[in-house]
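input_13.cif follows (mmCIF, C-alpha atoms and all ligand atoms):
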data_upload
#
loop_
_atom_site.label_atom_id
_atom_site.label_comp_id
_atom_site.auth_asym_id
_atom_site.auth_seq_id
_atom_site.Cartn_x
_atom_site.Cartn_y
_atom_site.Cartn_z
CA MET A 550 12.29 -6.18 38.37
CA SER A 551 11.81 -8.11 35.10
CA ALA A 552 14.12 -7.41 32.13
CA LYS A 553 12.85 -5.14 29.38
CA ARG A 554 11.55 -6.86 26.24
CA TYR A 555 12.38 -5.46 22.82
CA ALA A 556 10.95 -5.92 19.34
CA ARG A 557 11.60 -4.15 16.04
CA ARG A 558 9.35 -1.93 13.95
CA VAL A 559 9.73 0.10 10.76
CA THR A 560 9.15 3.84 10.85
CA LEU A 561 9.02 6.50 8.12
CA ALA A 562 12.44 8.23 8.18
CA SER A 563 11.88 10.61 5.25
CA ARG A 564 9.38 11.23 2.48
CA PRO A 565 10.26 9.73 -0.91
CA VAL A 566 10.48 11.62 -4.16
CA GLY A 567 9.39 9.16 -6.85
CA LEU A 568 10.14 5.52 -6.11
CA PRO A 569 10.98 5.07 -2.39
CA THR A 570 14.47 3.97 -1.36
CA VAL A 571 15.44 1.93 1.69
CA ASP A 572 16.73 5.18 3.27
CA ASN A 573 13.13 6.39 3.57
CA PHE A 574 12.61 3.71 6.25
CA LEU A 575 14.18 3.11 9.66
CA ILE A 576 14.19 -0.28 11.34
CA GLU A 577 14.34 0.40 15.07
CA PRO A 578 14.02 -1.50 18.32
CA PHE A 579 11.36 -0.48 20.82
CA VAL A 580 10.42 -1.56 24.31
CA VAL A 581 7.42 -3.89 24.46
CA ASN A 582 5.39 -2.97 27.53
CA SER A 583 2.86 -5.16 29.27
CA PRO A 584 -0.74 -4.51 28.26
CA LEU A 585 -2.83 -2.19 30.41
CA SER A 586 -6.44 -2.93 31.27
CA GLY A 587 -8.44 -3.52 28.05
CA GLN A 588 -5.29 -4.13 26.00
CA VAL A 589 -3.49 -7.18 24.62
CA LEU A 590 0.09 -7.86 23.60
CA VAL A 591 0.24 -9.46 20.17
CA LYS A 592 3.25 -11.31 18.80
CA VAL A 593 2.89 -10.46 15.12
CA THR A 594 3.52 -13.35 12.73
CA HIS A 595 2.76 -11.61 9.39
CA PHE A 596 2.10 -8.10 8.20
CA SER A 597 0.87 -6.98 4.81
CA LEU A 598 2.60 -4.87 2.18
CA ASP A 599 0.15 -3.08 -0.13
CA PRO A 600 0.36 -0.44 -2.87
CA TYR A 601 -1.74 2.10 -0.86
CA MET A 602 1.15 2.48 1.59
CA ARG A 603 3.02 4.52 -1.03
CA GLY A 604 0.34 7.21 -0.78
CA ARG A 605 0.65 7.30 3.02
CA MET A 606 4.35 8.20 2.62
CA ASP A 607 3.48 11.50 0.87
CA ASP A 608 2.44 14.59 2.79
CA ALA A 609 -0.56 15.08 0.54
CA ALA A 610 -4.31 15.21 0.89
CA SER A 611 -5.93 11.83 0.28
CA TYR A 612 -8.72 9.69 1.70
CA ALA A 613 -6.51 8.92 4.74
CA ALA A 614 -3.96 10.98 6.67
CA PRO A 615 -0.28 10.48 5.78
CA VAL A 616 2.05 8.60 8.11
CA LYS A 617 3.95 11.19 10.14
CA LEU A 618 7.73 11.25 9.98
CA GLY A 619 9.16 9.05 12.73
CA HIS A 620 5.90 7.11 13.06
CA ILE A 621 5.37 3.44 12.37
CA MET A 622 4.43 2.44 8.80
CA GLU A 623 0.79 1.40 8.70
CA ALA A 624 -0.27 -2.13 7.80
CA GLY A 625 -2.76 -4.84 8.52
CA ALA A 626 -1.15 -7.63 10.56
CA VAL A 627 -1.99 -10.99 12.12
CA GLY A 628 -0.52 -12.61 15.17
CA ARG A 629 -1.04 -14.50 18.43
CA VAL A 630 -1.97 -12.95 21.73
CA GLU A 631 0.91 -13.33 24.15
CA GLU A 632 -0.56 -11.44 27.13
CA SER A 633 -4.13 -10.31 27.66
CA ALA A 634 -5.66 -7.74 29.98
CA SER A 635 -8.99 -7.92 28.17
CA ASP A 636 -11.95 -10.11 29.09
CA GLY A 637 -12.90 -11.27 25.60
CA ILE A 638 -9.46 -12.28 24.36
CA GLU A 639 -7.30 -15.14 25.63
CA VAL A 640 -3.62 -15.84 25.44
CA GLY A 641 -3.05 -17.92 22.30
CA ASP A 642 -5.93 -16.38 20.31
CA TRP A 643 -5.16 -15.50 16.70
CA VAL A 644 -6.09 -11.90 15.88
CA TYR A 645 -6.08 -9.40 13.01
CA GLY A 646 -5.54 -5.67 13.47
CA ARG A 647 -3.92 -2.62 11.92
CA MET A 648 -0.75 -3.09 13.95
CA GLY A 649 1.73 -1.81 11.36
CA TRP A 650 5.19 -2.93 10.20
CA THR A 651 6.18 -4.45 13.51
CA GLU A 652 7.19 -7.63 15.31
CA ALA A 653 4.89 -6.99 18.29
CA ALA A 654 2.14 -4.61 19.33
CA VAL A 655 0.25 -3.62 22.45
CA VAL A 656 -3.23 -2.71 21.26
CA ASP A 657 -6.69 -2.00 22.59
CA ALA A 658 -8.76 -5.16 22.30
CA SER A 659 -11.53 -3.09 20.66
CA LEU A 660 -9.23 -2.50 17.67
CA ILE A 661 -8.54 -6.14 16.82
CA GLN A 662 -10.65 -9.03 15.62
CA LYS A 663 -10.33 -12.70 16.47
CA ILE A 664 -9.56 -14.87 13.45
CA PRO A 665 -11.92 -17.87 13.14
CA ALA A 666 -10.22 -21.27 13.58
CA SER A 667 -11.48 -22.30 10.13
CA ILE A 668 -9.21 -19.79 8.37
CA GLU A 669 -5.83 -21.38 7.56
CA PRO A 670 -3.24 -20.10 6.99
CA LYS A 671 -3.99 -17.06 9.16
CA SER A 672 -2.15 -14.82 6.68
CA LEU A 673 -5.17 -15.29 4.37
CA CYS A 674 -6.70 -12.47 6.43
CA LEU A 675 -4.20 -10.15 4.75
CA GLY A 676 -4.92 -11.31 1.20
CA ALA A 677 -7.61 -13.47 -0.39
CA LEU A 678 -9.86 -13.35 2.71
CA GLY A 679 -8.75 -9.92 3.86
CA MET A 680 -8.76 -6.35 2.61
CA PRO A 681 -7.53 -7.01 -0.97
CA GLY A 682 -9.86 -9.95 -1.67
CA PHE A 683 -12.75 -8.01 -0.15
CA THR A 684 -11.83 -5.07 -2.42
CA GLY A 685 -12.05 -7.23 -5.55
CA TRP A 686 -15.35 -8.79 -4.45
CA TRP A 687 -16.90 -5.45 -3.46
CA GLY A 688 -15.80 -3.56 -6.55
CA LEU A 689 -17.01 -6.21 -8.96
CA THR A 690 -20.29 -7.07 -7.29
CA GLN A 691 -21.33 -3.54 -6.24
CA HIS A 692 -20.14 -1.48 -9.18
CA GLY A 693 -19.51 -3.95 -12.02
CA ARG A 694 -23.07 -5.19 -12.59
CA PRO A 695 -21.47 -8.26 -14.26
CA LYS A 696 -23.52 -10.36 -16.68
CA ALA A 697 -22.67 -13.71 -18.27
CA GLY A 698 -21.17 -13.28 -21.70
CA GLU A 699 -19.67 -9.86 -21.00
CA THR A 700 -15.96 -9.07 -21.23
CA LEU A 701 -13.86 -7.77 -18.33
CA VAL A 702 -10.33 -6.35 -18.33
CA VAL A 703 -8.18 -6.00 -15.19
CA GLY A 704 -4.52 -5.08 -14.64
CA ALA A 705 -2.19 -6.43 -11.90
CA VAL A 706 -4.12 -9.64 -12.50
CA THR A 707 -1.91 -11.95 -10.42
CA GLY A 708 -2.16 -9.68 -7.35
CA PRO A 709 -4.72 -10.31 -4.60
CA VAL A 710 -7.26 -7.80 -5.95
CA GLY A 711 -6.97 -8.71 -9.63
CA SER A 712 -6.92 -12.47 -9.06
CA MET A 713 -10.08 -12.26 -6.94
CA VAL A 714 -11.81 -10.14 -9.60
CA VAL A 715 -11.06 -12.51 -12.49
CA GLN A 716 -11.97 -15.66 -10.58
CA LEU A 717 -15.32 -14.23 -9.48
CA ALA A 718 -15.97 -12.91 -12.98
CA ARG A 719 -15.20 -16.32 -14.51
CA ARG A 720 -17.63 -17.96 -12.10
CA LEU A 721 -20.29 -15.53 -13.32
CA GLY A 722 -19.66 -16.50 -16.94
CA LEU A 723 -17.67 -13.47 -18.10
CA LYS A 724 -14.80 -13.53 -20.53
CA THR A 725 -11.70 -12.24 -18.72
CA ILE A 726 -8.61 -10.49 -20.04
CA GLY A 727 -5.84 -9.99 -17.51
CA ILE A 728 -2.79 -7.77 -17.79
CA ALA A 729 0.44 -8.58 -15.97
CA GLY A 730 4.09 -7.53 -15.95
CA SER A 731 5.82 -10.66 -17.32
CA ASP A 732 5.20 -13.77 -19.41
CA GLU A 733 5.64 -15.83 -16.24
CA LYS A 734 2.91 -13.87 -14.47
CA CYS A 735 0.67 -14.22 -17.54
CA ALA A 736 1.15 -18.01 -17.56
CA LEU A 737 0.15 -18.04 -13.91
CA ALA A 738 -2.92 -15.91 -14.62
CA VAL A 739 -4.08 -18.41 -17.24
CA ASP A 740 -3.06 -21.67 -15.54
CA LYS A 741 -3.89 -20.84 -11.94
CA PHE A 742 -6.56 -18.15 -12.07
CA GLY A 743 -8.23 -19.27 -15.30
CA VAL A 744 -8.21 -16.00 -17.24
CA ASP A 745 -9.11 -16.43 -20.88
CA HIS A 746 -6.25 -14.23 -22.09
CA CYS A 747 -3.38 -12.38 -20.50
CA LEU A 748 -1.22 -9.60 -21.98
CA ASN A 749 2.27 -8.75 -20.76
CA HIS A 750 2.17 -4.94 -20.55
CA LYS A 751 5.97 -4.72 -20.75
CA LEU A 752 5.86 -5.96 -24.35
CA PHE A 753 3.92 -2.89 -25.53
CA GLU A 754 5.70 0.33 -26.28
CA SER A 755 2.57 2.44 -26.52
CA ALA A 756 -1.04 2.56 -25.45
CA ASN A 757 -2.03 2.34 -29.12
CA GLU A 758 -0.26 -1.00 -29.51
CA MET A 759 -1.92 -2.30 -26.39
CA GLN A 760 -5.30 -1.08 -27.60
CA SER A 761 -4.88 -3.09 -30.81
CA ALA A 762 -4.08 -6.21 -28.80
CA ILE A 763 -7.16 -5.70 -26.62
CA LYS A 764 -9.32 -5.12 -29.71
CA THR A 765 -8.11 -8.45 -31.14
CA LEU A 766 -8.88 -10.32 -27.92
CA ALA A 767 -12.20 -8.53 -27.37
CA PRO A 768 -13.63 -7.91 -30.85
CA LYS A 769 -17.06 -7.14 -29.36
CA GLY A 770 -15.58 -4.56 -26.95
CA VAL A 771 -15.06 -4.35 -23.20
CA ASP A 772 -17.98 -4.14 -20.78
CA ILE A 773 -16.14 -3.86 -17.44
CA TYR A 774 -12.77 -2.28 -16.84
CA PHE A 775 -11.56 -2.91 -13.29
CA GLU A 776 -8.98 -0.15 -12.91
CA ASN A 777 -5.97 -1.15 -10.80
CA VAL A 778 -3.05 0.43 -12.60
CA GLY A 779 -3.82 3.52 -14.72
CA GLY A 780 -1.14 4.55 -17.23
CA LYS A 781 -0.84 2.85 -20.60
CA LEU A 782 -3.52 0.26 -19.86
CA PHE A 783 -6.08 2.90 -18.95
CA GLU A 784 -5.44 4.71 -22.23
CA ALA A 785 -5.68 1.47 -24.17
CA VAL A 786 -8.94 0.24 -22.64
CA VAL A 787 -11.14 3.33 -22.49
CA PRO A 788 -11.58 3.63 -26.29
CA GLU A 789 -12.53 -0.07 -26.39
CA MET A 790 -15.33 0.26 -23.84
CA ASN A 791 -18.82 -0.66 -25.01
CA ASP A 792 -21.85 1.56 -24.57
CA PHE A 793 -23.08 1.40 -20.96
CA GLY A 794 -19.72 -0.07 -19.86
CA ARG A 795 -18.62 0.12 -16.25
CA MET A 796 -15.24 1.44 -15.13
CA ILE A 797 -14.50 0.53 -11.51
CA VAL A 798 -11.76 2.80 -10.22
CA CYS A 799 -9.98 0.80 -7.53
CA GLY A 800 -6.36 1.96 -7.85
CA MET A 801 -3.74 3.40 -10.18
CA VAL A 802 -0.48 1.88 -9.02
CA SER A 803 1.49 2.89 -12.11
CA TRP A 804 1.06 6.53 -11.06
CA TYR A 805 1.68 6.19 -7.31
CA ASN A 806 5.31 7.30 -7.59
CA GLU A 807 4.43 10.37 -9.65
CA GLY A 808 4.17 13.06 -7.02
CA ALA A 809 1.28 13.43 -4.65
CA MET A 810 -0.49 10.18 -5.41
CA GLY A 811 -1.82 11.02 -8.80
CA ALA A 812 -2.00 14.78 -8.46
CA ASP A 813 0.68 15.10 -11.13
CA ALA A 814 -0.30 11.97 -12.98
CA ARG A 815 -0.25 12.50 -16.69
CA THR A 816 -1.55 10.52 -19.58
CA ASP A 817 0.34 10.44 -22.82
CA SER A 818 -2.61 10.70 -25.15
CA MET A 819 -5.86 10.64 -23.16
CA SER A 820 -6.69 14.26 -22.33
CA VAL A 821 -9.33 14.99 -19.75
CA ALA A 822 -11.54 16.37 -22.53
CA ASN A 823 -11.19 13.15 -24.51
CA LEU A 824 -11.91 10.98 -21.48
CA TRP A 825 -14.95 13.09 -20.61
CA ARG A 826 -16.20 12.78 -24.17
CA MET A 827 -15.79 8.96 -24.08
CA ILE A 828 -17.77 8.80 -20.83
CA LEU A 829 -20.52 10.85 -22.46
CA ILE A 830 -20.84 9.24 -25.86
CA LYS A 831 -20.44 5.67 -24.56
CA LYS A 832 -22.68 6.40 -21.56
CA LEU A 833 -20.11 4.85 -19.19
CA SER A 834 -20.51 4.46 -15.44
CA VAL A 835 -17.38 5.37 -13.49
CA ASN A 836 -17.30 4.38 -9.82
CA GLY A 837 -14.41 5.08 -7.51
CA PHE A 838 -14.48 3.39 -4.11
CA ILE A 839 -12.35 3.00 -0.99
CA ILE A 840 -12.89 -0.31 0.71
CA SER A 841 -12.53 1.04 4.25
CA ASP A 842 -15.94 2.72 3.79
CA HIS A 843 -17.51 -0.74 3.57
CA TRP A 844 -16.05 -2.73 6.51
CA SER A 845 -19.57 -3.48 7.73
CA GLN A 846 -19.94 -5.82 4.71
CA LEU A 847 -16.72 -7.77 5.39
CA SER A 848 -18.48 -10.67 7.10
CA LYS A 849 -20.81 -11.10 4.12
CA PHE A 850 -17.75 -11.33 1.86
CA VAL A 851 -16.09 -13.88 4.16
CA ASP A 852 -19.31 -15.94 4.31
CA ASP A 853 -19.50 -15.92 0.49
CA VAL A 854 -15.88 -16.51 -0.38
CA GLU A 855 -14.28 -18.47 2.50
CA PRO A 856 -15.92 -21.77 1.41
CA LEU A 857 -14.68 -21.23 -2.15
CA VAL A 858 -11.13 -20.60 -0.93
CA ALA A 859 -11.29 -23.58 1.44
CA SER A 860 -12.46 -25.88 -1.37
CA GLY A 861 -9.81 -24.57 -3.78
CA GLU A 862 -12.41 -23.17 -6.19
CA ILE A 863 -10.90 -19.75 -5.62
CA LYS A 864 -7.11 -19.86 -5.65
CA TYR A 865 -4.55 -17.47 -4.22
CA ILE A 866 -0.78 -17.00 -4.18
CA GLU A 867 1.24 -15.63 -1.30
CA ASP A 868 4.67 -14.11 -1.79
CA VAL A 869 6.24 -14.44 1.65
CA VAL A 870 9.24 -12.27 2.57
CA MET A 871 11.18 -13.47 5.59
CA GLY A 872 12.14 -10.96 8.30
CA ILE A 873 11.10 -7.39 9.08
CA GLU A 874 14.50 -6.14 7.91
CA ASN A 875 13.54 -7.10 4.35
CA ALA A 876 10.19 -5.24 4.38
CA PRO A 877 11.43 -1.93 2.87
CA SER A 878 13.11 -3.54 -0.15
CA ALA A 879 10.14 -5.88 -0.67
CA PHE A 880 7.77 -2.89 -0.63
CA ILE A 881 9.90 -1.02 -3.17
CA GLY A 882 9.81 -4.18 -5.31
CA LEU A 883 6.00 -4.28 -5.09
CA LEU A 884 5.82 -0.84 -6.67
CA GLN A 885 7.87 -2.21 -9.57
CA GLY A 886 5.93 -5.46 -9.97
CA HIS A 887 8.56 -7.75 -8.40
CA ASN A 888 6.00 -9.50 -6.18
CA PHE A 889 4.33 -12.72 -7.21
CA GLY A 890 0.90 -12.73 -5.61
CA LYS A 891 -0.05 -11.26 -2.23
CA LEU A 892 3.05 -9.80 -0.59
CA VAL A 893 3.34 -10.50 3.16
CA VAL A 894 6.22 -10.25 5.59
CA LYS A 895 6.73 -13.15 7.99
CA VAL A 896 8.37 -11.83 11.13
N1 LIG A 901 -9.83 1.19 -3.61
C1 LIG A 901 -9.43 0.45 -2.58
O1 LIG A 901 -9.98 0.51 -1.49
C2 LIG A 901 -8.25 -0.49 -2.78
C3 LIG A 901 -7.98 -1.49 -1.84
C4 LIG A 901 -6.92 -2.37 -2.10
C5 LIG A 901 -6.14 -2.21 -3.26
N2 LIG A 901 -6.43 -1.19 -4.09
C6 LIG A 901 -5.64 -1.01 -5.33
O2 LIG A 901 -5.77 -2.17 -6.13
C7 LIG A 901 -4.62 -2.30 -6.96
C8 LIG A 901 -4.06 -3.72 -6.84
O3 LIG A 901 -3.67 -3.95 -5.49
P1 LIG A 901 -3.00 -5.33 -5.06
O4 LIG A 901 -2.90 -5.31 -3.57
O5 LIG A 901 -3.68 -6.47 -5.72
O6 LIG A 901 -1.51 -5.15 -5.66
P2 LIG A 901 -0.49 -6.20 -6.25
O7 LIG A 901 -1.04 -6.70 -7.53
O8 LIG A 901 -0.10 -7.19 -5.22
O9 LIG A 901 0.81 -5.31 -6.49
C9 LIG A 901 0.86 -4.25 -7.34
C10 LIG A 901 1.07 -4.70 -8.80
O10 LIG A 901 0.86 -3.59 -9.63
C11 LIG A 901 1.55 -3.79 -10.82
N3 LIG A 901 2.32 -2.59 -11.15
C12 LIG A 901 3.23 -1.96 -10.38
N4 LIG A 901 3.75 -0.93 -11.04
C13 LIG A 901 3.13 -0.92 -12.25
C14 LIG A 901 3.23 -0.08 -13.38
N5 LIG A 901 4.07 0.96 -13.40
N6 LIG A 901 2.44 -0.35 -14.46
C15 LIG A 901 1.59 -1.39 -14.45
N7 LIG A 901 1.46 -2.23 -13.39
C16 LIG A 901 2.23 -1.98 -12.32
C17 LIG A 901 2.52 -4.95 -10.62
O11 LIG A 901 1.96 -6.09 -11.28
P3 LIG A 901 2.47 -6.52 -12.73
O12 LIG A 901 3.90 -6.94 -12.57
O13 LIG A 901 1.56 -7.62 -13.11
O14 LIG A 901 2.33 -5.31 -13.62
C18 LIG A 901 2.49 -5.15 -9.12
O15 LIG A 901 2.77 -6.48 -8.79
C19 LIG A 901 -3.65 -1.22 -6.52
O16 LIG A 901 -3.79 -0.10 -7.36
C20 LIG A 901 -4.14 -0.85 -5.13
O17 LIG A 901 -3.78 0.43 -4.73
C21 LIG A 901 -7.45 -0.33 -3.88
#
Serialized structure, structure tokens:
Amino acid sequence: MSAKRYARRVTLASRPVGLPTVDNFLIEPFVVNSPLSGQVLVKVTHFSLDPYMRGRMDDAASYAAPVKLGHIMEAGAVGRVEESASDGIEVGDWVYGRMGWTEAAVVDASLIQKIPASIEPKSLCLGALGMPGFTGWWGLTQHGRPKAGETLVVGAVTGPVGSMVVQLARRLGLKTIGIAGSDEKCALAVDKFGVDHCLNHKLFESANEMQSAIKTLAPKGVDIYFENVGGKLFEAVVPEMNDFGRMIVCGMVSWYNEGAMGADARTDSMSVANLWRMILIKKLSVNGFIISDHWSQLSKFVDDVEPLVASGEIKYIEDVVMGIENAPSAFIGLLQGHNFGKLVVKV
């Protein structure tokens, strides 16, 4: 009888109140079985850490079910097939799948996709050429109706969603204003991603101060607000929107630790009545979207953007954390802006 094989995974030990702590997670060994017919065993090389995972830790209604206590934390992951009991997939193939925070996974072959040889590094499938990059591309092109000469504002600009949005917008001839959480991140946004201006949100005490700064940088107003963060930035931008502006509601990471994923989110000065009035008198379009509704368009995104990433015309940054044992603290850091670019764990 062959010896049992073990790998480690991260499960949800308890539900956080506010910012998660490392005690909310459990790193545990599990037995790696051989794949049954139609399955493959994947040796995971990288898994993704993303802001949406905070919502999955709450027992609250959302667009997806919460992670159950004691269950593996969800994540997109890439890896190499180590054993295959499926006709279409060979040992050695690189694959992507929602395998979770884990070092290895036995999965149905129907739930994974082969990664084309042209994509290098393979971890790009978790960032610029994966879900976050696709999110930026989809949100801007489907809901932004961008036109040359217009002005766009986006927060979390050095992250994988924001950096895709500003680079695509720049290519279309828009003026771009990024918001980031440090001067170092702002320098990166300008030097690497080519934004016209970047504001460090930590330097502003109030939404009013931030609004004045945005007004100075965008004297003709803002046409597209790509909403990634909520909070102070949201309050600062809405009054600066032009007539017929577009607000693309992608995420609100600054509120994710405030109770049931936004249910208790408050704004300091922007009441619902005021926001509603702004939408009316400025004739704004507001489009929320969840990218998982649009997977059928992923290949179109990859066809459009992969050549630009390969040629270096669209740039990306990966923040690589070594070892599954460091995933919980890295994730907590992400929710505080400690990451620099797309956060992935190399296992
Ligand atoms: N709708 C969808 O289907 C979809 C899909 C993917 C992502 N999203 C959303 O898109 C947004 C960006 O995702 P991403 O993967 O690109 O994330 P990311 O930029 O890699 O990481 C999150 C960033 O948010 C910023 N942040 C964290 N706490 C903040 C706070 N209190 N106030 C202001 N900024 C804060 C930090 O950047 P700074 O240090 O620069 O502030 C942090 O680095 C998130 O809201 C995410 O949930 C939505």
Residues of chain A that have any atom at most 6 Å from an atom of ligand LIG 901 (chain A): could you tabulate them with the shortest-distance atom pair and the distance in Å to one decimal, using all atoms listed in the file, ordered by chain and increasing number, as CSV?
residue,atom,partner,partner_atom,distance
A:Asp599,CA,A:LIG901,O4,5.1
A:Pro600,CA,A:LIG901,O17,4.6
A:Tyr601,CA,A:LIG901,O17,4.7
A:Pro681,CA,A:LIG901,C4,4.8
A:Thr684,CA,A:LIG901,C3,5.3
A:Ala705,CA,A:LIG901,O13,4.1
A:Gly708,CA,A:LIG901,O7,3.2
A:Pro709,CA,A:LIG901,O5,4.1
A:Val710,CA,A:LIG901,O5,3.8
A:Gly711,CA,A:LIG901,O5,5.6
A:Ala729,CA,A:LIG901,O13,3.2
A:Gly730,CA,A:LIG901,O12,3.4
A:Asn777,CA,A:LIG901,O16,4.2
A:Val778,CA,A:LIG901,N7,5.3
A:Cys799,CA,A:LIG901,N1,3.9
A:Gly800,CA,A:LIG901,O16,3.3
A:Met801,CA,A:LIG901,O16,4.5
A:Val802,CA,A:LIG901,O16,4.2
A:Ser803,CA,A:LIG901,N5,3.5
A:Phe838,CA,A:LIG901,N1,5.2
A:Ile839,CA,A:LIG901,O1,3.5
A:Ile840,CA,A:LIG901,O1,3.7
A:Leu883,CA,A:LIG901,O15,5.4
A:Leu884,CA,A:LIG901,C12,4.7
A:Gln885,CA,A:LIG901,N4,4.6
A:Gly886,CA,A:LIG901,C17,3.5
A:His887,CA,A:LIG901,O15,5.9
A:Asn888,CA,A:LIG901,O15,5.1
A:Gly890,CA,A:LIG901,O8,5.6
A:Lys891,CA,A:LIG901,O8,5.1
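CA of Gly704 (chain A) to CA of Met796 (chain A) spans 12.6 Å [interatomic distance, one decimal].
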* Shell of 6 Å around region 652-667 of chain A, all atoms listed in the file, local chain residues under 2 positions omitted, as a count of residues only -> 14
* Length of the CA of Glu632 (chain A) to CA of Lys895 (chain A) vector [Å] ->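 Calculated distance between CA of Glu632 (chain A) and CA of Lys895 (chain A) is 20.6 Å.
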* Surrounding residues of Val702 (chain A) excluding itself and chain neighbours under 6 positions, 9 Å, all atoms listed in the file, as a ChimeraX atom specification -> /A:715,724-728,763,771-776,786
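Using all atoms listed in the file, the nearest neighbour of Leu675 (chain A) within the list A:Asn875, A:Ser635, A:Gln760, A:Thr594 is A:Thr594.
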* Asked: For Phe880 (chain A), which residue out of A:Ser820, A:Asn749, A:Ser597, A:Asn836 is the nearest one, using all atoms listed in the file?
  ->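 Smallest separation from Phe880 (chain A) among the options: A:Ser597.
We find CA of Thr707 (chain A) and CA of His746 (chain A) to be spaced 12.7 Å apart.
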* List the neighbours of Ile621 (chain A) out to 9 Å using only C-alpha atoms; skip same-chain residues closer than 3 positions along the sequence, and give me the result as a PyMOL selection string. => chain A and resi 558-561+616-618+649-651
* **Close residues, Ala718 (chain A) itself excluded, 9 Å, only C-alpha atoms, min 2 positions apart in chain, as a list in words** => Leu689, Pro695, Lys696, Ala697, Leu701, Met713, Val714, Val715, Gln716, Arg720, Leu721, Gly722, Leu723, Lys724 and Thr725 of chain A
Keeping C-alpha atoms, export the residues of the selection given above as a PDB file, in the frame of the given file.
ATOM      1  CA  LEU A 689     -17.010  -6.210  -8.960  1.00  0.00           C
ATOM      2  CA  PRO A 695     -21.470  -8.260 -14.260  1.00  0.00           C
ATOM      3  CA  LYS A 696     -23.520 -10.360 -16.680  1.00  0.00           C
ATOM      4  CA  ALA A 697     -22.670 -13.710 -18.270  1.00  0.00           C
ATOM      5  CA  LEU A 701     -13.860  -7.770 -18.330  1.00  0.00           C
ATOM      6  CA  MET A 713     -10.080 -12.260  -6.940  1.00  0.00           C
ATOM      7  CA  VAL A 714     -11.810 -10.140  -9.600  1.00  0.00           C
ATOM      8  CA  VAL A 715     -11.060 -12.510 -12.490  1.00  0.00           C
ATOM      9  CA  GLN A 716     -11.970 -15.660 -10.580  1.00  0.00           C
ATOM     10  CA  ARG A 720     -17.630 -17.960 -12.100  1.00  0.00           C
ATOM     11  CA  LEU A 721     -20.290 -15.530 -13.320  1.00  0.00           C
ATOM     12  CA  GLY A 722     -19.660 -16.500 -16.940  1.00  0.00           C
ATOM     13  CA  LEU A 723     -17.670 -13.470 -18.100  1.00  0.00           C
ATOM     14  CA  LYS A 724     -14.800 -13.530 -20.530  1.00  0.00           C
ATOM     15  CA  THR A 725     -11.700 -12.240 -18.720  1.00  0.00           C
TER      16      THR A 725
END
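Taking all atoms listed in the file into account, Ala677 (chain A) lies nearest to A:Leu717 out of the set A:Val640, A:Leu568, A:Ile873, A:Leu717.
Shortest separation to Arg603 (chain A) among A:Ser841, A:Asn806, A:Thr690, A:Asn791 occurs at residue A:Asn806, atoms counted being only C-alpha atoms.
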Taking all atoms of region 786-799 of chain A that the file lists and extending 4 Å past them on each side, where is the centre of the axis-aligned box and how long are its edges? Answer in Å to one decimal, as AutoDock Vina command-line options.
--center_x -16.0 --center_y 1.5 --center_z -17.0 --size_x 22.1 --size_y 12.3 --size_z 26.9
* Asked: Mind listing as a list of chain:residue names all residues within 9 Å of (-3.4, -16.9, -14.5), counting all atoms listed in the file?
  ->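 Protein, DNA and RNA residues close to (-3.4, -16.9, -14.5): A:Val706, A:Thr707, A:Ser712, A:Gly727, A:Lys734, A:Cys735, A:Ala736, A:Leu737, A:Ala738, A:Val739, A:Asp740, A:Lys741, A:Phe742, A:Gly743, A:Val744, A:Asp745, A:His746, A:Cys747.
Nearest-residue note for Leu833 (chain A): choosing from A:Gly693, A:Glu867, A:Ser761, A:Gly872, the minimum distance belongs to A:Gly693, counting only C-alpha atoms.
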* To do: Tell me which of A:Phe753, A:Trp804, A:Tyr555, A:Phe596 sits closest to Val896 (chain A), counting all atoms listed in the file.
  =>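 Residue with the minimum atom-to-atom distance to Val896 (chain A): A:Phe596.
Counting all atoms listed in the file, Asp792 (chain A) has the following residues at most 6 Å away, ignoring those fewer than 2 positions along the same chain: Gly794, Lys831 and Lys832 of chain A.
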Working from the structure I just supplied, which lacks atoms in region 610-614 of chain A, can you model N, CA, C and O atoms there and output them as a compact mmCIF listing (two decimals), in the frame of the given file?
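Contents of out_29.txt, freshly written:
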# COMPACT_ATOMS: atom_id res chain seq x y z
N ALA A 610 -2.92 15.51 0.56
CA ALA A 610 -4.31 15.21 0.89
C ALA A 610 -4.75 13.94 0.17
O ALA A 610 -4.46 13.76 -1.01
N SER A 611 -5.39 13.04 0.88
CA SER A 611 -5.93 11.83 0.28
C SER A 611 -7.11 11.39 1.13
O SER A 611 -7.56 12.13 2.00
N TYR A 612 -7.58 10.16 0.91
CA TYR A 612 -8.72 9.69 1.70
C TYR A 612 -8.31 9.34 3.12
O TYR A 612 -9.14 9.16 3.99
N ALA A 613 -6.98 9.21 3.38
CA ALA A 613 -6.51 8.92 4.74
C ALA A 613 -5.30 9.82 5.02
O ALA A 613 -4.60 10.25 4.10
N ALA A 614 -5.07 10.10 6.30
CA ALA A 614 -3.96 10.98 6.67
C ALA A 614 -2.63 10.30 6.36
O ALA A 614 -2.52 9.07 6.44
